[in-house]
file upload-v2.cif (mmCIF, C-alpha atoms)
data_structure
loop_
_atom_site.label_atom_id
_atom_site.label_comp_id
_atom_site.auth_asym_id
_atom_site.auth_seq_id
_atom_site.Cartn_x
_atom_site.Cartn_y
_atom_site.Cartn_z
CA MET B 288 -11.65 -31.75 -39.63
CA VAL B 289 -8.16 -31.31 -41.13
CA THR B 290 -6.29 -28.39 -39.65
CA THR B 291 -3.46 -26.37 -41.15
CA PRO B 292 0.12 -27.34 -40.09
CA GLN B 293 0.98 -24.22 -38.15
CA GLU B 294 1.37 -23.03 -34.61
CA PRO B 295 -1.97 -23.13 -32.82
CA VAL B 296 -4.17 -20.31 -31.69
CA TYR B 297 -4.33 -20.43 -27.92
CA VAL B 298 -7.65 -19.67 -26.27
CA ILE B 299 -7.39 -18.87 -22.56
CA GLY B 300 -10.51 -19.94 -20.67
CA ALA B 301 -12.96 -22.79 -21.26
CA GLY B 302 -16.14 -20.88 -20.55
CA PRO B 303 -18.80 -20.19 -23.21
CA GLY B 304 -16.69 -17.53 -24.96
CA GLY B 305 -13.54 -19.60 -25.17
CA LEU B 306 -15.34 -22.73 -26.34
CA ALA B 307 -17.24 -20.79 -29.00
CA VAL B 308 -14.04 -19.27 -30.39
CA ALA B 309 -12.31 -22.66 -30.47
CA ALA B 310 -15.24 -24.26 -32.29
CA THR B 311 -15.50 -21.54 -34.93
CA LEU B 312 -11.74 -21.61 -35.50
CA ARG B 313 -11.79 -25.38 -35.92
CA ALA B 314 -14.64 -25.06 -38.42
CA ARG B 315 -12.30 -22.88 -40.51
CA GLY B 316 -9.41 -25.31 -40.35
CA VAL B 317 -7.44 -23.38 -37.76
CA ARG B 318 -5.98 -25.39 -34.91
CA ALA B 319 -7.12 -24.01 -31.56
CA VAL B 320 -6.02 -25.15 -28.11
CA VAL B 321 -8.11 -24.10 -25.10
CA LEU B 322 -6.19 -23.66 -21.85
CA GLU B 323 -8.27 -23.89 -18.67
CA LYS B 324 -6.80 -23.46 -15.19
CA SER B 325 -9.51 -25.55 -13.49
CA GLY B 326 -10.38 -29.18 -14.09
CA ALA B 327 -13.43 -28.77 -16.35
CA VAL B 328 -15.19 -26.53 -18.85
CA GLY B 329 -17.68 -23.93 -17.62
CA THR B 330 -16.09 -23.56 -14.20
CA SER B 331 -17.63 -20.17 -13.49
CA TRP B 332 -21.13 -21.52 -14.15
CA ARG B 333 -20.49 -24.56 -11.97
CA GLY B 334 -19.80 -22.23 -9.04
CA HIS B 335 -22.92 -20.07 -9.23
CA TYR B 336 -25.88 -20.40 -6.87
CA ASP B 337 -28.36 -23.23 -7.36
CA ARG B 338 -31.36 -21.08 -8.24
CA LEU B 339 -29.69 -19.30 -11.15
CA ARG B 340 -31.22 -19.42 -14.59
CA LEU B 341 -30.22 -17.55 -17.71
CA HIS B 342 -31.89 -14.17 -18.00
CA THR B 343 -31.75 -14.60 -21.77
CA THR B 344 -33.91 -17.00 -23.73
CA ARG B 345 -32.74 -20.45 -24.77
CA ARG B 346 -33.20 -19.67 -28.48
CA LEU B 347 -31.00 -16.58 -28.23
CA SER B 348 -28.31 -18.08 -26.04
CA GLY B 349 -26.88 -20.99 -28.05
CA LEU B 350 -23.28 -21.01 -29.24
CA PRO B 351 -22.27 -21.54 -32.90
CA GLY B 352 -22.85 -25.03 -34.16
CA LEU B 353 -25.11 -26.40 -31.42
CA ARG B 354 -28.51 -25.30 -30.17
CA ILE B 355 -29.41 -25.54 -26.52
CA PRO B 356 -31.85 -28.48 -26.18
CA ARG B 357 -35.51 -27.54 -26.09
CA ALA B 358 -35.93 -29.81 -23.07
CA TYR B 359 -34.00 -27.26 -21.01
CA GLY B 360 -36.91 -24.82 -21.23
CA ARG B 361 -37.08 -21.16 -22.13
CA TRP B 362 -34.95 -20.00 -19.18
CA VAL B 363 -32.05 -22.43 -18.92
CA ALA B 364 -30.99 -23.52 -15.43
CA ARG B 365 -27.38 -23.24 -14.32
CA ALA B 366 -26.85 -27.01 -14.16
CA ASP B 367 -28.34 -27.47 -17.64
CA LEU B 368 -26.06 -24.82 -19.08
CA VAL B 369 -23.05 -26.67 -17.65
CA ARG B 370 -24.29 -29.87 -19.34
CA TYR B 371 -24.69 -27.93 -22.58
CA LEU B 372 -21.11 -26.63 -22.43
CA GLU B 373 -19.80 -30.16 -21.82
CA ALA B 374 -21.78 -31.42 -24.81
CA TYR B 375 -20.56 -28.48 -26.90
CA ALA B 376 -16.89 -29.28 -26.28
CA GLU B 377 -17.51 -32.95 -27.06
CA LYS B 378 -19.50 -32.36 -30.24
CA HIS B 379 -16.89 -30.04 -31.73
CA GLU B 380 -14.03 -32.29 -30.54
CA LEU B 381 -12.31 -29.32 -28.97
CA ASP B 382 -8.74 -29.56 -27.75
CA VAL B 383 -9.24 -28.47 -24.14
CA VAL B 384 -6.27 -28.74 -21.80
CA THR B 385 -7.32 -28.44 -18.16
CA GLY B 386 -5.16 -27.71 -15.13
CA VAL B 387 -3.05 -25.17 -17.02
CA GLU B 388 -3.09 -21.54 -15.91
CA VAL B 389 -1.50 -18.87 -18.10
CA HIS B 390 0.30 -16.28 -15.99
CA ARG B 391 1.70 -13.91 -18.61
CA ILE B 392 1.50 -13.25 -22.36
CA GLU B 393 4.37 -11.73 -24.33
CA ARG B 394 5.20 -11.01 -27.94
CA ALA B 395 7.43 -13.60 -29.59
CA GLU B 396 10.88 -12.25 -30.41
CA ASP B 397 11.55 -14.49 -33.39
CA GLY B 398 9.84 -12.27 -35.96
CA THR B 399 6.89 -14.60 -36.46
CA GLY B 400 4.40 -12.07 -35.18
CA GLY B 401 3.22 -14.68 -32.71
CA TRP B 402 2.85 -14.84 -28.95
CA VAL B 403 4.51 -16.61 -26.05
CA LEU B 404 2.43 -17.81 -23.09
CA HIS B 405 4.02 -18.50 -19.73
CA ALA B 406 1.94 -21.12 -17.96
CA THR B 407 1.75 -23.58 -15.09
CA GLY B 408 4.78 -25.76 -14.45
CA GLY B 409 7.18 -23.49 -16.32
CA ARG B 410 5.49 -24.13 -19.65
CA ARG B 411 6.42 -21.76 -22.48
CA LEU B 412 3.84 -22.05 -25.25
CA THR B 413 4.09 -20.31 -28.62
CA GLY B 414 1.02 -19.52 -30.71
CA ARG B 415 0.22 -17.57 -33.83
CA ALA B 416 -2.56 -15.70 -31.99
CA VAL B 417 -4.12 -15.58 -28.55
CA VAL B 418 -7.75 -15.13 -27.54
CA VAL B 419 -8.28 -14.13 -23.92
CA ALA B 420 -11.64 -15.43 -22.69
CA THR B 421 -11.08 -15.57 -18.94
CA GLY B 422 -14.48 -14.12 -18.22
CA PHE B 423 -16.39 -11.07 -17.03
CA ASN B 424 -16.84 -12.65 -13.59
CA HIS B 425 -13.27 -13.70 -12.95
CA THR B 426 -12.18 -12.58 -9.46
CA PRO B 427 -14.66 -11.78 -6.65
CA SER B 428 -14.40 -8.19 -5.48
CA VAL B 429 -15.26 -6.90 -2.00
CA PRO B 430 -15.05 -3.14 -1.31
CA ALA B 431 -12.26 -1.98 0.98
CA TRP B 432 -14.69 -1.00 3.73
CA PRO B 433 -13.05 0.51 6.81
CA GLY B 434 -12.89 -2.25 9.40
CA LEU B 435 -13.06 -5.07 6.84
CA ASP B 436 -9.92 -6.80 8.11
CA THR B 437 -11.18 -6.88 11.69
CA TYR B 438 -14.86 -7.60 11.02
CA GLU B 439 -16.06 -10.26 13.43
CA GLY B 440 -19.25 -11.20 11.65
CA ASP B 441 -19.96 -13.86 9.03
CA LEU B 442 -19.06 -12.35 5.63
CA VAL B 443 -18.94 -14.15 2.29
CA HIS B 444 -18.86 -13.04 -1.32
CA ALA B 445 -21.87 -13.97 -3.45
CA ARG B 446 -19.63 -16.43 -5.32
CA GLU B 447 -19.76 -18.64 -2.19
CA TYR B 448 -23.57 -18.55 -1.87
CA ARG B 449 -25.36 -21.69 -3.06
CA ASN B 450 -28.85 -21.79 -1.51
CA PRO B 451 -30.79 -20.41 1.48
CA GLU B 452 -30.61 -23.54 3.60
CA PRO B 453 -27.65 -22.40 5.80
CA TYR B 454 -29.44 -19.09 6.45
CA ALA B 455 -32.77 -20.48 7.70
CA GLY B 456 -34.10 -18.24 10.49
CA LYS B 457 -31.11 -15.88 10.28
CA ASP B 458 -30.88 -12.12 9.83
CA VAL B 459 -29.07 -11.64 6.51
CA LEU B 460 -27.76 -8.47 4.86
CA VAL B 461 -27.16 -8.63 1.11
CA VAL B 462 -24.90 -5.85 -0.16
CA GLY B 463 -25.45 -4.86 -3.78
CA ILE B 464 -28.51 -4.83 -6.00
CA GLY B 465 -27.26 -6.10 -9.32
CA ASN B 466 -28.89 -9.20 -10.78
CA THR B 467 -26.97 -11.44 -8.39
CA GLY B 468 -27.78 -9.46 -5.24
CA ALA B 469 -31.44 -9.08 -6.19
CA GLU B 470 -31.86 -12.78 -6.88
CA ILE B 471 -30.02 -13.92 -3.75
CA ALA B 472 -32.19 -11.61 -1.63
CA ALA B 473 -35.33 -13.11 -3.19
CA ASP B 474 -33.97 -16.63 -2.76
CA LEU B 475 -33.31 -16.01 0.94
CA ALA B 476 -36.75 -14.49 1.46
CA GLU B 477 -38.46 -17.44 -0.20
CA GLY B 478 -36.17 -19.98 1.45
CA GLY B 479 -36.80 -19.28 5.12
CA ALA B 480 -34.33 -16.60 6.21
CA GLY B 481 -35.59 -14.83 9.33
CA ARG B 482 -34.94 -11.33 8.01
CA VAL B 483 -33.51 -10.14 4.70
CA ARG B 484 -32.17 -6.66 4.04
CA ILE B 485 -30.50 -5.41 0.88
CA ALA B 486 -28.06 -2.49 0.99
CA VAL B 487 -28.38 -0.17 -1.98
CA ARG B 488 -26.14 2.73 -3.01
CA THR B 489 -27.77 3.54 -6.36
CA ALA B 490 -31.25 2.38 -7.31
CA PRO B 491 -31.11 0.21 -10.44
CA HIS B 492 -33.44 -0.07 -13.39
CA ILE B 493 -35.61 -3.11 -12.69
CA LEU B 494 -37.28 -4.74 -15.67
CA ARG B 495 -39.74 -7.55 -16.10
CA ARG B 496 -38.04 -10.53 -17.72
CA THR B 497 -40.98 -10.70 -20.09
CA THR B 498 -43.89 -8.39 -20.85
CA ALA B 499 -46.89 -10.04 -22.51
CA GLY B 500 -44.57 -12.84 -23.59
CA TRP B 501 -41.99 -10.47 -25.08
CA PRO B 502 -38.52 -11.02 -23.52
CA ALA B 503 -36.64 -7.95 -22.31
CA GLN B 504 -33.64 -9.36 -24.18
CA ARG B 505 -35.34 -8.81 -27.54
CA SER B 506 -35.90 -5.17 -26.68
CA GLY B 507 -32.22 -4.94 -25.82
CA ILE B 508 -31.30 -6.36 -29.21
CA LEU B 509 -33.53 -3.86 -31.02
CA VAL B 510 -32.03 -0.81 -29.32
CA ARG B 511 -28.40 -1.89 -28.88
CA ARG B 512 -27.18 0.13 -31.89
CA LEU B 513 -29.22 3.25 -31.19
CA PRO B 514 -27.68 6.39 -29.64
CA VAL B 515 -27.52 6.30 -25.85
CA GLY B 516 -29.56 9.50 -25.47
CA LEU B 517 -32.34 8.16 -27.67
CA VAL B 518 -32.55 4.88 -25.77
CA ASP B 519 -32.65 6.78 -22.48
CA LEU B 520 -35.53 8.89 -23.79
CA MET B 521 -37.44 5.85 -25.03
CA GLY B 522 -36.80 4.07 -21.75
CA ARG B 523 -38.32 6.86 -19.69
CA GLY B 524 -41.51 6.65 -21.72
CA LEU B 525 -41.72 2.88 -21.43
CA ALA B 526 -40.76 2.71 -17.77
CA ARG B 527 -44.36 2.78 -16.56
CA PHE B 528 -45.05 -0.43 -18.51
CA VAL B 529 -41.82 -2.39 -17.99
CA SER B 530 -40.48 -1.06 -14.68
CA PRO B 531 -42.49 -1.23 -11.44
CA ASP B 532 -42.53 1.88 -9.24
CA LEU B 533 -40.86 0.76 -6.03
CA THR B 534 -40.49 4.18 -4.44
CA PRO B 535 -42.69 3.21 -1.46
CA TYR B 536 -40.29 0.34 -0.76
CA GLY B 537 -37.12 2.44 -0.80
CA LEU B 538 -36.18 2.10 -4.47
CA PRO B 539 -37.06 5.29 -6.38
CA ARG B 540 -36.82 5.33 -10.15
CA PRO B 541 -33.21 5.92 -11.27
CA THR B 542 -32.30 9.43 -12.40
CA ALA B 543 -29.83 8.20 -15.04
CA GLY B 544 -31.23 6.62 -18.20
CA LEU B 545 -31.16 2.90 -18.86
CA ALA B 546 -28.60 3.04 -21.69
CA SER B 547 -26.43 5.52 -19.80
CA ARG B 548 -26.25 3.13 -16.87
CA VAL B 549 -25.36 0.23 -19.18
CA ARG B 550 -22.64 2.31 -20.83
CA ASP B 551 -21.17 2.93 -17.39
CA GLY B 552 -21.19 -0.79 -16.60
CA ALA B 553 -24.46 -1.13 -14.63
CA ILE B 554 -26.77 -3.60 -16.34
CA ALA B 555 -30.51 -3.46 -15.60
CA VAL B 556 -31.89 -5.92 -13.06
CA GLN B 557 -34.32 -8.49 -14.44
CA ASP B 558 -36.93 -9.28 -11.83
CA VAL B 559 -37.16 -12.94 -10.83
CA GLY B 560 -38.73 -12.51 -7.42
CA LEU B 561 -37.34 -9.36 -5.79
CA VAL B 562 -40.34 -7.13 -6.55
CA ALA B 563 -42.79 -9.58 -4.99
CA ALA B 564 -40.52 -9.98 -1.96
CA LEU B 565 -40.32 -6.20 -1.49
CA ARG B 566 -44.06 -5.75 -1.78
CA ALA B 567 -44.65 -8.59 0.68
CA GLY B 568 -42.28 -7.03 3.18
CA LYS B 569 -39.94 -10.02 3.01
CA VAL B 570 -36.98 -7.93 1.80
CA GLU B 571 -36.14 -4.49 3.23
CA VAL B 572 -34.05 -1.86 1.45
CA VAL B 573 -31.39 -0.13 3.58
CA PRO B 574 -28.68 2.44 2.73
CA ALA B 575 -25.27 1.43 1.41
CA VAL B 576 -22.61 0.00 3.70
CA GLU B 577 -20.00 2.56 4.76
CA ALA B 578 -17.91 0.62 7.28
CA LEU B 579 -17.62 -2.47 9.45
CA ASP B 580 -17.02 -2.17 13.19
CA GLY B 581 -16.51 -5.32 15.21
CA ARG B 582 -19.71 -7.26 14.58
CA GLU B 583 -21.62 -4.16 13.47
CA VAL B 584 -22.30 -2.87 9.97
CA VAL B 585 -22.38 0.91 9.62
CA LEU B 586 -24.78 2.18 6.96
CA ALA B 587 -24.57 5.42 4.98
CA ASP B 588 -27.20 7.13 7.17
CA GLY B 589 -25.25 6.29 10.32
CA THR B 590 -27.44 3.38 11.33
CA ARG B 591 -25.66 0.42 12.88
CA ILE B 592 -27.00 -3.09 12.41
CA THR B 593 -25.75 -6.50 13.46
CA PRO B 594 -26.83 -9.11 10.92
CA ASP B 595 -26.08 -12.78 11.47
CA ALA B 596 -24.58 -12.96 7.98
CA LEU B 597 -23.40 -10.53 5.34
CA ILE B 598 -23.36 -11.56 1.67
CA ALA B 599 -21.35 -9.21 -0.56
CA ALA B 600 -22.92 -9.23 -4.03
CA THR B 601 -20.40 -6.57 -4.97
CA GLY B 602 -19.24 -7.79 -8.34
CA TYR B 603 -16.04 -9.06 -9.85
CA ARG B 604 -12.79 -7.83 -11.29
CA ARG B 605 -11.55 -8.88 -14.71
CA ALA B 606 -8.06 -9.36 -13.15
CA LEU B 607 -6.26 -9.05 -16.48
CA GLU B 608 -3.33 -6.98 -15.19
CA PRO B 609 -0.91 -9.88 -14.41
CA LEU B 610 -1.70 -11.46 -17.76
CA VAL B 611 -1.50 -8.50 -20.17
CA GLY B 612 -1.12 -5.35 -18.07
CA HIS B 613 2.44 -4.82 -19.36
CA LEU B 614 1.23 -4.72 -22.97
CA ASP B 615 -0.67 -1.43 -22.65
CA VAL B 616 -3.91 -3.05 -23.83
CA LEU B 617 -6.12 -2.20 -20.82
CA ASP B 618 -7.95 0.99 -19.94
CA ALA B 619 -7.91 2.74 -16.57
CA ARG B 620 -10.57 0.35 -15.24
CA GLY B 621 -8.67 -2.76 -16.27
CA ARG B 622 -10.84 -3.54 -19.29
CA PRO B 623 -9.48 -4.35 -22.77
CA ILE B 624 -9.22 -1.21 -24.91
CA VAL B 625 -10.59 -3.18 -27.87
CA ARG B 626 -12.63 -6.37 -27.96
CA GLY B 627 -14.05 -8.88 -30.36
CA ALA B 628 -12.44 -9.18 -33.80
CA HIS B 629 -10.19 -6.17 -33.25
CA SER B 630 -6.67 -6.36 -31.85
CA PRO B 631 -4.82 -3.39 -30.39
CA ARG B 632 -2.68 -1.79 -33.11
CA HIS B 633 0.49 -2.45 -31.18
CA ALA B 634 -0.56 -6.02 -30.31
CA PRO B 635 -1.82 -7.68 -33.52
CA GLY B 636 -3.06 -11.19 -32.99
CA LEU B 637 -4.24 -10.59 -29.43
CA TYR B 638 -8.02 -10.77 -28.99
CA PHE B 639 -10.44 -10.41 -26.09
CA THR B 640 -13.98 -11.72 -25.76
CA GLY B 641 -16.53 -11.69 -22.93
CA PHE B 642 -15.47 -8.54 -21.11
CA THR B 643 -18.70 -6.61 -21.45
CA ASN B 644 -22.19 -7.21 -20.07
CA PRO B 645 -24.33 -6.18 -23.05
CA ILE B 646 -27.99 -5.27 -22.94
CA SER B 647 -28.64 -7.78 -25.74
CA GLY B 648 -27.38 -10.82 -23.82
CA MET B 649 -23.91 -12.07 -22.93
CA LEU B 650 -24.11 -15.49 -24.62
CA ARG B 651 -25.54 -14.05 -27.81
CA GLU B 652 -22.72 -11.53 -28.04
CA LEU B 653 -20.12 -14.21 -27.26
CA ALA B 654 -21.43 -16.30 -30.15
CA MET B 655 -21.24 -13.34 -32.53
CA ASP B 656 -17.78 -12.41 -31.27
CA ALA B 657 -16.56 -15.95 -31.87
CA GLU B 658 -17.60 -15.92 -35.52
CA ARG B 659 -15.92 -12.55 -36.11
CA ILE B 660 -12.71 -13.48 -34.32
CA ALA B 661 -12.46 -16.78 -36.19
CA ARG B 662 -12.94 -15.05 -39.55
CA ARG B 663 -10.26 -12.50 -38.75
CA ILE B 664 -7.71 -15.07 -37.57
CA ALA B 665 -8.39 -17.40 -40.50
CA ARG B 666 -7.73 -14.53 -42.93
CA THR B 667 -4.47 -13.55 -41.23
CA LYS B 668 -1.63 -15.51 -42.78
CA PRO B 669 1.59 -16.21 -40.84
CA LYS B 670 4.64 -14.32 -42.12
CA PRO B 671 6.86 -16.25 -44.57
CA LYS B 672 9.92 -17.86 -42.97
CA GLN B 673 12.29 -15.68 -45.02
CA GLU B 674 10.60 -12.50 -43.74
CA GLN B 675 10.69 -13.84 -40.18
CA ARG B 676 14.43 -14.52 -40.40
CA GLN B 677 15.10 -11.09 -41.87
CA GLU B 678 13.20 -9.32 -39.07
CA GLN B 679 15.01 -11.41 -36.47
CA ARG B 680 18.40 -10.44 -37.93
CA GLN B 681 17.41 -6.76 -37.90
CA ARG B 682 16.49 -6.95 -34.21
CA GLN B 683 19.75 -8.65 -33.35
CA GLU B 684 21.71 -5.96 -35.22
CA GLN B 685 19.83 -3.22 -33.35
CA LYS B 686 20.84 -4.83 -30.07
#
call {"tool": "encode", "arguments": {"input": "upload-v2.cif", "output": "structure tokens"}}
result
Amino acid sequence: MVTTPQEPVYVIGAGPGGLAVAATLRARGVRAVVLEKSGAVGTSWRGHYDRLRLHTTRRLSGLPGLRIPRAYGRWVARADLVRYLEAYAEKHELDVVTGVEVHRIERAEDGTGGWVLHATGGRRLTGRAVVVATGFNHTPSVPAWPGLDTYEGDLVHAREYRNPEPYAGKDVLVVGIGNTGAEIAADLAEGGAGRVRIAVRTAPHILRRTTAGWPAQRSGILVRRLPVGLVDLMGRGLARFVSPDLTPYGLPRPTAGLASRVRDGAIAVQDVGLVAALRAGKVEVVPAVEALDGREVVLADGTRITPDALIAATGYRRALEPLVGHLDVLDARGRPIVRGAHSPRHAPGLYFTGFTNPISGMLRELAMDAERIARRIARTKPKPKQEQRQEQRQRQEQK
């Protein structure tokens, strides 16, 4: 592939989103350099728990230009996805530079319309555009519970959980009932933990991964463009077929609609063992955690328990503030104000991908984002040198 002789597009992050953008840019003759702070591609996936499989189907999870091998099965295992990402980077001959962390992005002052990246080792890199793909699950987040700093018990974030072996025979409290918390609780129950409790603040929508062979992901794709209110209404009618009633086990049906919860950032839980564990009495639902006191955990109803281990499946922060917070491109919750092929009006050439958790599947949306971003960047021509020099002179005169 022959690329155009121009400053590169820098892609920050060598996860699925960043690799997909780099590959689609390269296919259009645009030089793309992927900067990855760790030592390998797919670092986030390498660090997830052993049991994890994609909740989206293999056929709907491939990135542009390379299908996921059929041998990996319908629900691709974590380790197989890592192998796929390695093969993807190799096949597309991507320029991936590892061990380089970008600390701050700024507009170039030379009139080119480009960007300057401040990176590890004092590097100052200049690119015609920047795609931020640092990931939805970037920095583990633990609530600021009263007593957290002095808690004497064993507390880890779900990012550190690998398998149930270290918890054999132990009393474990999992905090949070997103997909990660639900699956870790089921993994512990099946893997020999002595007692498993899961602390829940708001009951989630729990869906079967498939119903009569039909993946929940395909339903998500069909309704993703429909009005939120309509999807909520449809969801209530279908709940009896796709969502088990777990009220007797402490999880009543949610009051907010499925699409409303997704809009607010709470994705539905796909059942891969939690429902069976609840019905078998192997996982108990308890109220949310309110505080930590010595070795005790204080629950919302005032109950105090003393688990042997506490696993906080309490989510992640995007942690974009040090990188781009000064550019006024984030909303009040630290999320990009625009994503995909759209740049903020006051920051043309700056793109974000992978900062939502869509009902239609993260990898599918990343693949679509990559194609759109690559088309937009390929169509955007760098300013002529004469125009660049003129703008630079004007700025110097204003100073």
call {"tool": "atom_distance", "arguments": {"input": "upload-v2.cif", "atom1": "atom CA of Val462 of chain B", "atom2": "atom CA of Arg340 of chain B"}}
result
20.8 Å
call {"tool": "closest_residue", "arguments": {"input": "upload-v2.cif", "among": "B:Val518, B:Val556, B:Val384, B:Ala596", "to": "Pro451 of chain B", "atoms": "all atoms listed in the file"}}
result
B:Ala596
call {"tool": "closest_residue", "arguments": {"input": "upload-v2.cif", "among": "B:His633, B:Thr399, B:Leu586, B:Arg365", "to": "Pro433 of chain B", "atoms": "all atoms listed in the file"}}
result
B:Leu586
call {"tool": "residues_around", "arguments": {"input": "upload-v2.cif", "residues": "Ala575 of chain B", "least_positions_apart": "4", "cutoff": "10 Å", "atoms": "all atoms listed in the file", "output": "ChimeraX atom specification"}}
result
/B:462-463,485-489,585-588
call {"tool": "write_last_selection", "arguments": {"input": "upload-v2.cif", "atoms": "C-alpha atoms", "output": "PDB file, in the coordinates of the input"}}
result
ATOM      1  CA  VAL B 462     -24.900  -5.850  -0.160  1.00  0.00           C
ATOM      2  CA  GLY B 463     -25.450  -4.860  -3.780  1.00  0.00           C
ATOM      3  CA  ILE B 485     -30.500  -5.410   0.880  1.00  0.00           C
ATOM      4  CA  ALA B 486     -28.060  -2.490   0.990  1.00  0.00           C
ATOM      5  CA  VAL B 487     -28.380  -0.170  -1.980  1.00  0.00           C
ATOM      6  CA  ARG B 488     -26.140   2.730  -3.010  1.00  0.00           C
ATOM      7  CA  THR B 489     -27.770   3.540  -6.360  1.00  0.00           C
ATOM      8  CA  VAL B 585     -22.380   0.910   9.620  1.00  0.00           C
ATOM      9  CA  LEU B 586     -24.780   2.180   6.960  1.00  0.00           C
ATOM     10  CA  ALA B 587     -24.570   5.420   4.980  1.00  0.00           C
ATOM     11  CA  ASP B 588     -27.200   7.130   7.170  1.00  0.00           C
TER      12      ASP B 588
END
call {"tool": "residues_around", "arguments": {"input": "upload-v2.cif", "residues": "segment 318-328 of chain B", "least_positions_apart": "3", "cutoff": "8 Å", "atoms": "only C-alpha atoms", "output": "NGL selection string"}}
result
:B and (290-291 or 293-302 or 305-306 or 309 or 312-313 or 369 or 372-373 or 381-389)
call {"tool": "resolve_selection", "arguments": {"input": "upload-v2.cif", "expression": "the PyMOL selection byres ((chain B and resi 347) around 12)", "output": "PyMOL selection string"}}
result
chain B and resi 341-346+348-351+353-355+361-363+502-505+507-508+647-655
call {"tool": "resolve_selection", "arguments": {"input": "upload-v2.cif", "expression": "the PyMOL selection byres ((chain B and resi 519) around 7)", "output": "PyMOL selection string"}}
result
chain B and resi 515-518+520-523+544-547
call {"tool": "write_last_selection", "arguments": {"input": "upload-v2.cif", "atoms": "C-alpha atoms", "output": "PDB file, in the coordinates of the input"}}
result
ATOM      1  CA  VAL B 515     -27.520   6.300 -25.850  1.00  0.00           C
ATOM      2  CA  GLY B 516     -29.560   9.500 -25.470  1.00  0.00           C
ATOM      3  CA  LEU B 517     -32.340   8.160 -27.670  1.00  0.00           C
ATOM      4  CA  VAL B 518     -32.550   4.880 -25.770  1.00  0.00           C
ATOM      5  CA  LEU B 520     -35.530   8.890 -23.790  1.00  0.00           C
ATOM      6  CA  MET B 521     -37.440   5.850 -25.030  1.00  0.00           C
ATOM      7  CA  GLY B 522     -36.800   4.070 -21.750  1.00  0.00           C
ATOM      8  CA  ARG B 523     -38.320   6.860 -19.690  1.00  0.00           C
ATOM      9  CA  GLY B 544     -31.230   6.620 -18.200  1.00  0.00           C
ATOM     10  CA  LEU B 545     -31.160   2.900 -18.860  1.00  0.00           C
ATOM     11  CA  ALA B 546     -28.600   3.040 -21.690  1.00  0.00           C
ATOM     12  CA  SER B 547     -26.430   5.520 -19.800  1.00  0.00           C
TER      13      SER B 547
END
call {"tool": "closest_residue", "arguments": {"input": "upload-v2.cif", "among": "B:Ala395, B:Leu561, B:Leu513, B:Leu579", "to": "Leu533 of chain B", "atoms": "all atoms listed in the file"}}
result
B:Leu561
call {"tool": "closest_residue", "arguments": {"input": "upload-v2.cif", "among": "B:Gly304, B:Gly414, B:Gly568, B:Ala376", "to": "Gly401 of chain B", "atoms": "all atoms listed in the file"}}
result
B:Gly414
call {"tool": "residues_around", "arguments": {"input": "upload-v2.cif", "residues": "Pro609 of chain B", "least_positions_apart": "4", "cutoff": "10 Å", "atoms": "all atoms listed in the file", "output": "PyMOL selection string"}}
result
chain B and resi 389-392+613
